[in-house]
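Take a look at the structure below.
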Amino acid sequence: MATFNLKIFSPYGVHFEGEAEAITLRTVTGDVSIWPNHSNTVTALDVGRCSVVINGEKRVGVCNRGLLNVTKNNVEVLAATFEWKEDIDLERAQSELERRKKELADAKDEKSIARAKIRVKRELIRTQVKTEN
Amino acid sequence: MKDIKLRIKSVENTMQITKAMELVASSKLKKARDRMESARPYFMTLFNTLNDIAAYTVDFSSPFLVKRPVKKSAYVLIAGDRGLAGGYNNNMFKLFTAHSQDKNAVVIPVGKKAVDFCKRRNIEIFTEEYSQVEDLSSADCTDIGDLLSDSFEKGEIDEVFICYTTFVSMLSQSPEIIQVLPLVSVNADTYQRNTITEYEPDPEELFHMLVPQFVTGLVYGAVTESWASELAARRTAMDAASKNAQEMVSGLSLQYNRARQAAITQEITEIVAGAGEG
C-alpha cells in the first residue's frame with residue numbers, strides 16, 4: 001500500500017517517525033484524515049483522538065493542540081502534548097479529570113474558565129480513548 | 001607559619017564548596033539534558049516549519065507575516081538564577097547588548113540574573129513574573145507565548161526575539177538570538193511562492209491560533225536548552241575552580257613545610273651551638 005512519511009513531535013519527545021498509511025486527527029474545523037499523496041495542507045489541531053494506520057495496524061493516541069503540516073507526502077504533527085493509548089495511565093487520568101473538574105468549578109474569571117475547560121476536555125478524551133475498545 | 005596554615009584552611013573550605021556545587025550541577029544536569037534532548041526535535045521542526053509555511057504563504061492578511069517599521073522590539077532574555085557559571089550569564093548579556101544597541105527594547109527577563117541585569121542597565125521590563133528559570137513550567141511558557149503574540153497582534157511590539165544559550169556539548173555552550181516574530185524564512189528562496197497550499201481555516205485565523213503556540217514552543221525549547229547550558233557551564237567552572245584550589249593547597253603546603261623545616265633546622269643549629277659552648 002502507498003505510504004507517506006509521518007513525524008509526530010511534542011516538547012516531550014519524538015512519538016513517531018516513519019512510514020504510515022493514514023492518519024486521522026481532530027482539527028479545529030473537525031476531523032481530518034490524511035492519506036498518501038494528500039495536497040499540501042496547513043491546519044491547527046484541537047484536543048482529540050488521533051489514529052494512525054502503520055503497516056495495516058491501527059494505533060490510537062491523544063493529541064492535544066498543535067499544528068498539522070502536509071507537504072509533498074510528508075506529514076508533520078507538532079503537538080503541544082501527545083500520548084499513545086498504551087502510555088496513558090488510566091488511574092492518573094481519572095484523578096486528573098476530577099481535579100480539573102474541581103478547577104473548572106472554582107475558576108472565576110473568563111480566562112481561567114476557558115483554560116480549565118480545555119483541561120477538562122483533554123482529560124475526558126484521555127480517559128475515553130483509554131477505555132474504548 | 002600561622003598565616004600559611006590559615007590560608008590553607010580557607011582555600012580548603014572554598015574547595016569543598018566548589019566541589020559540592022560541581023556535584024549538584026552534575027546531578028541536575030542529567031535531568032536537564034534529558035528534558036532538552038526530548039524537546040529539541042520539536043523545537044527545531046517547529047521553528048523551521050512555521051517559517052517555511054510563512055515563506056510560501058502568499059496571503060498577507062495575518063499581521064504575523066508582515067514586516068512593519070520597528071518602533072519597539074521585545075526580547076525574551078534567558079539567563080541563570082545564580083552566578084558562578086563561568087561566562088554563561090555575561091556572554092548572553094554581551095550578545096544581547098550588541099544586538100539591541102539601536103533598538104527600543106523591552107525585555108521579559110527569565111532568570112534572576114537577567115532581572116538584575118535589566119534593572120542595572122535601566123532596560124524596560126515587560127513583566128518580572130518569570131524570574132525563576134529553574135521552576136519555569138510549561139504553563140508559564142504558555143503565558144509568555146500568549147502575552148507576546150497578543151501584544152504583537154495589537155501592534156504594541158513590532159519584533160520578538162528570544163535570547164538563549166544553545167547546548168553544543170558538555171564543554172561548549174554558545175549564546176544565540178533568534179527572531180520569532182514576524183515570521184521570516186531563513187531559506188525563503190528554496191520555496192516557490194506559487195505552491196498551492198490549503199489552509200484550514202483561512203490564513204488569518206490559522207496564524208492567530210498557531211502563533212501563540214509557536215512562541216510558547218520556542219520559549220519552552222529555549223528555556224530547556226539554556227537551563228542545560230547553565231548547568232554544564234557551572235559544572236565546568238566549578239571543576240576548574242576545584243582544580244585551582246587543589247593546586248593552591250599543594251603550593252601552600254610546600255611553603256608551609258619549608259617554613260617548618262627551616263624553623264626546626266634553626267632550632268637544632270641553636271641547640272648544637274649552645275651545647276658546643278658549654
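Ordering of the C-alpha cells sets the chain letters (A, B, ...); residue numbers start at 1 within each chain; ligands are numbered from 1 in the order shown.
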
Inset, instruction - Quick one: pick out all helix (DSSP H, G or I) residues within stretch 36-270 of chain B from a backbone DSSP run and write them as a VMD selection string. - result: chain B and resid 36 to 55 63 to 65 88 to 99 112 to 120 138 to 154 188 to 190 203 to 270

Inset, instruction - Can you check which residues of chain B have any atom within 8 Å of chain A? Use only C-alpha atoms and format it as a PyMOL selection string. - result: chain B and resi 35+37-43+46+49+53+196-201+206+209-210+213+217+220-221

Can you spit out the residues from that selection as a PDB file, in the first residue's frame, using N, CA and C atoms?
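As written to disk, part.pdb reads:
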```
ATOM      1  N   ARG B  35      15.624  16.359  29.355  1.00  0.00           N
ATOM      2  CA  ARG B  35      14.488  17.200  29.002  1.00  0.00           C
ATOM      3  C   ARG B  35      14.788  17.965  27.712  1.00  0.00           C
ATOM      4  N   GLU B  37      16.937  17.126  25.383  1.00  0.00           N
ATOM      5  CA  GLU B  37      17.037  16.260  24.216  1.00  0.00           C
ATOM      6  C   GLU B  37      15.671  15.824  23.714  1.00  0.00           C
ATOM      7  N   SER B  38      14.683  15.681  24.618  1.00  0.00           N
ATOM      8  CA  SER B  38      13.343  15.334  24.116  1.00  0.00           C
ATOM      9  C   SER B  38      12.699  16.536  23.452  1.00  0.00           C
ATOM     10  N   ALA B  39      13.028  17.738  23.923  1.00  0.00           N
ATOM     11  CA  ALA B  39      12.368  18.923  23.354  1.00  0.00           C
ATOM     12  C   ALA B  39      13.004  19.366  22.040  1.00  0.00           C
ATOM     13  N   ARG B  40      14.255  18.990  21.820  1.00  0.00           N
ATOM     14  CA  ARG B  40      14.990  19.548  20.698  1.00  0.00           C
ATOM     15  C   ARG B  40      14.378  19.289  19.314  1.00  0.00           C
ATOM     16  N   PRO B  41      14.000  18.041  18.967  1.00  0.00           N
ATOM     17  CA  PRO B  41      13.418  17.823  17.629  1.00  0.00           C
ATOM     18  C   PRO B  41      12.184  18.679  17.404  1.00  0.00           C
ATOM     19  N   TYR B  42      11.357  18.780  18.437  1.00  0.00           N
ATOM     20  CA  TYR B  42      10.143  19.575  18.341  1.00  0.00           C
ATOM     21  C   TYR B  42      10.475  21.047  18.110  1.00  0.00           C
ATOM     22  N   PHE B  43      11.406  21.513  18.908  1.00  0.00           N
ATOM     23  CA  PHE B  43      11.852  22.899  18.883  1.00  0.00           C
ATOM     24  C   PHE B  43      12.369  23.284  17.493  1.00  0.00           C
ATOM     25  N   LEU B  46       9.549  22.889  14.740  1.00  0.00           N
ATOM     26  CA  LEU B  46       8.544  23.937  14.894  1.00  0.00           C
ATOM     27  C   LEU B  46       9.030  25.237  14.272  1.00  0.00           C
ATOM     28  N   THR B  49       9.319  24.736  10.391  1.00  0.00           N
ATOM     29  CA  THR B  49       8.033  24.534   9.739  1.00  0.00           C
ATOM     30  C   THR B  49       7.254  25.832   9.653  1.00  0.00           C
ATOM     31  N   ILE B  53       6.176  27.704   6.288  1.00  0.00           N
ATOM     32  CA  ILE B  53       4.777  27.983   5.961  1.00  0.00           C
ATOM     33  C   ILE B  53       4.639  29.462   5.629  1.00  0.00           C
ATOM     34  N   ILE B 196       0.677  25.539  -4.190  1.00  0.00           N
ATOM     35  CA  ILE B 196      -0.706  25.624  -3.722  1.00  0.00           C
ATOM     36  C   ILE B 196      -0.827  24.885  -2.395  1.00  0.00           C
ATOM     37  N   THR B 197      -1.277  25.606  -1.413  1.00  0.00           N
ATOM     38  CA  THR B 197      -1.441  25.003  -0.093  1.00  0.00           C
ATOM     39  C   THR B 197      -2.835  25.318   0.427  1.00  0.00           C
ATOM     40  N   GLU B 198      -3.448  24.315   1.027  1.00  0.00           N
ATOM     41  CA  GLU B 198      -4.767  24.541   1.621  1.00  0.00           C
ATOM     42  C   GLU B 198      -4.597  25.000   3.061  1.00  0.00           C
ATOM     43  N   TYR B 199      -5.343  26.023   3.447  1.00  0.00           N
ATOM     44  CA  TYR B 199      -5.329  26.467   4.832  1.00  0.00           C
ATOM     45  C   TYR B 199      -6.698  26.226   5.439  1.00  0.00           C
ATOM     46  N   GLU B 200      -6.701  25.604   6.566  1.00  0.00           N
ATOM     47  CA  GLU B 200      -7.949  25.326   7.255  1.00  0.00           C
ATOM     48  C   GLU B 200      -7.845  25.883   8.651  1.00  0.00           C
ATOM     49  N   PRO B 201      -8.572  26.793   9.133  1.00  0.00           N
ATOM     50  CA  PRO B 201      -9.394  27.752   8.383  1.00  0.00           C
ATOM     51  C   PRO B 201      -8.497  28.718   7.590  1.00  0.00           C
ATOM     52  N   LEU B 206      -5.916  31.058  11.061  1.00  0.00           N
ATOM     53  CA  LEU B 206      -4.978  29.981  11.339  1.00  0.00           C
ATOM     54  C   LEU B 206      -3.737  30.490  12.085  1.00  0.00           C
ATOM     55  N   MET B 209      -4.286  31.367  15.584  1.00  0.00           N
ATOM     56  CA  MET B 209      -4.310  30.232  16.512  1.00  0.00           C
ATOM     57  C   MET B 209      -2.920  29.628  16.710  1.00  0.00           C
ATOM     58  N   LEU B 210      -2.166  29.566  15.627  1.00  0.00           N
ATOM     59  CA  LEU B 210      -0.890  28.854  15.701  1.00  0.00           C
ATOM     60  C   LEU B 210       0.242  29.648  16.346  1.00  0.00           C
ATOM     61  N   GLN B 213       0.987  29.337  20.073  1.00  0.00           N
ATOM     62  CA  GLN B 213       1.565  28.021  20.359  1.00  0.00           C
ATOM     63  C   GLN B 213       3.003  27.943  19.887  1.00  0.00           C
ATOM     64  N   GLY B 217       6.105  27.223  22.243  1.00  0.00           N
ATOM     65  CA  GLY B 217       7.007  26.108  21.983  1.00  0.00           C
ATOM     66  C   GLY B 217       8.448  26.558  21.933  1.00  0.00           C
ATOM     67  N   TYR B 220       9.672  27.475  25.425  1.00  0.00           N
ATOM     68  CA  TYR B 220       9.923  26.259  26.194  1.00  0.00           C
ATOM     69  C   TYR B 220      11.247  25.609  25.770  1.00  0.00           C
ATOM     70  N   GLY B 221      11.418  25.483  24.452  1.00  0.00           N
ATOM     71  CA  GLY B 221      12.645  24.882  23.936  1.00  0.00           C
ATOM     72  C   GLY B 221      13.876  25.667  24.346  1.00  0.00           C
TER      73      GLY B 221
END
```

Inset, instruction - For A:Gly18, list every protein, DNA or RNA residue within 9 Å, evaluated using only C-alpha atoms, and leave out those in the same chain fewer than 5 positions away; present the list as a PyMOL selection string. - result: chain A and resi 4-7+54

Legend entry - Atom-to-atom span, atom CA of B:Glu22 and atom CA of B:Ser226, Å: 17.5 Å

Inset, instruction - Record the distance separating atom CA of A:Asn37 and atom CA of B:Thr45, expressed in Å with one decimal. - result: 21.3 Å

Inset, instruction - Just give me the gap between atom CA of A:Ala114 and atom CA of B:Ser62 in Å, one decimal is fine. - result: 24.0 Å

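Remark: for A:Ser95, the closest of the candidate residues A:Arg115, A:Arg126, A:Arg59, A:Lys72 is A:Arg126 (distances computed over only C-alpha atoms).
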
Legend entry - Residues within 8 Å of stretch 130-143 of chain B, only C-alpha atoms, excluding chain neighbours under 4 positions, as a ChimeraX atom specification: /B:78-81,108-112,114-115,147,212-213,216-217,219-220,223,227

Restricting the output to C-alpha atoms, write the selected residues as an mmCIF file, in the first residue's frame.
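The resulting file, out_26.cif, is shown below:
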```
data_model
loop_
_atom_site.group_PDB
_atom_site.id
_atom_site.type_symbol
_atom_site.label_atom_id
_atom_site.label_comp_id
_atom_site.auth_asym_id
_atom_site.auth_seq_id
_atom_site.Cartn_x
_atom_site.Cartn_y
_atom_site.Cartn_z
ATOM 1 C CA ILE B 78 17.044 33.836 29.314
ATOM 2 C CA ALA B 79 19.889 33.728 31.825
ATOM 3 C CA GLY B 80 20.588 31.960 35.098
ATOM 4 C CA ASP B 81 19.222 32.360 38.595
ATOM 5 C CA ILE B 108 10.907 39.692 29.520
ATOM 6 C CA PRO B 109 13.758 38.530 31.722
ATOM 7 C CA VAL B 110 13.797 34.861 32.653
ATOM 8 C CA GLY B 111 16.183 34.065 35.496
ATOM 9 C CA LYS B 112 17.188 36.244 38.441
ATOM 10 C CA ALA B 114 18.510 38.579 33.786
ATOM 11 C CA VAL B 115 16.205 40.630 36.002
ATOM 12 C CA LEU B 147 1.372 37.635 26.070
ATOM 13 C CA PRO B 212 0.818 31.749 20.327
ATOM 14 C CA GLN B 213 1.565 28.021 20.359
ATOM 15 C CA THR B 216 5.203 29.065 23.520
ATOM 16 C CA GLY B 217 7.007 26.108 21.983
ATOM 17 C CA VAL B 219 10.203 29.713 24.652
ATOM 18 C CA TYR B 220 9.923 26.259 26.194
ATOM 19 C CA VAL B 223 14.470 27.547 28.326
ATOM 20 C CA TRP B 227 18.997 25.513 31.636
#
```

Legend entry - Long-range neighbours of stretch 127-129 of chain A as a PyMOL selection string, 10 Å cut-off, only C-alpha atoms, 4 positions minimum in chain: chain A and resi 48-50+60-62+84-86+88-94+96-97+122-123+133

Save the residues we just selected, C-alpha atoms, as a compact mmCIF listing (two decimals), in the first residue's frame?
```txt
# COMPACT_ATOMS: atom_id res chain seq x y z
CA GLY A 48 -8.74 14.93 20.34
CA ARG A 49 -8.33 11.33 19.42
CA CYS A 50 -5.73 10.54 16.83
CA VAL A 60 -4.57 5.22 18.72
CA GLY A 61 -3.38 8.21 20.72
CA VAL A 62 -4.44 11.52 22.18
CA TRP A 84 -0.22 6.84 22.68
CA LYS A 85 -3.12 4.92 24.14
CA GLU A 86 -0.82 2.34 25.76
CA ILE A 88 -1.94 6.56 29.30
CA ASP A 89 -2.25 5.73 32.97
CA LEU A 90 -5.99 5.34 33.47
CA GLU A 91 -5.98 5.88 37.23
CA ARG A 92 -3.97 9.03 36.91
CA ALA A 93 -6.09 10.28 34.04
CA GLN A 94 -9.22 9.78 36.13
CA GLU A 96 -6.61 14.35 36.94
CA LEU A 97 -10.08 14.60 35.44
CA ARG A 122 -8.31 16.89 27.47
CA GLU A 123 -8.64 14.60 30.49
CA ASN A 133 -12.12 -0.93 22.68
```

Inset, instruction - Considering only C-alpha atoms, return as a count of residues only whatever protein or nucleic-acid residues lie within 12 Å of A:Glu21, sequence-local ones (same chain, fewer than 2 positions apart) excluded. - result: 28

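Taking only C-alpha atoms into account, B:Pro63 lies nearest to B:Asp158 out of the set B:Asp3, B:Glu129, B:Glu124, B:Asp158.
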
Inset, instruction - Fewer than 4 positions away in the same chain doesn't count, so skip those; otherwise give me all residues within 8 Å of A:Lys101, counting only C-alpha atoms, as a PyMOL selection string. - result: chain A and resi 97+105+116+120

Legend entry - strand (DSSP E or B) call set, DSSP backbone run, chain A, as a ChimeraX atom specification: /A:4-10,13-20,22-27,30-34,41-45,48-54,57-71,74-84

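Proximity ranking of A:Leu104, A:Val32, A:Leu25, A:Ala20 relative to A:Cys63 places A:Leu25 first, based on only C-alpha atoms.
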
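Nearest-residue note for B:Glu159: choosing from B:Ile123, B:Ala105, B:Ala32, B:Leu171, the minimum distance belongs to B:Ala105, counting only C-alpha atoms.
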
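For the set B:Ile178, B:Ala233, B:Met170, B:Met21, the residue with the smallest atom-to-atom gap to B:Leu218 is B:Ile178, counting only C-alpha atoms.
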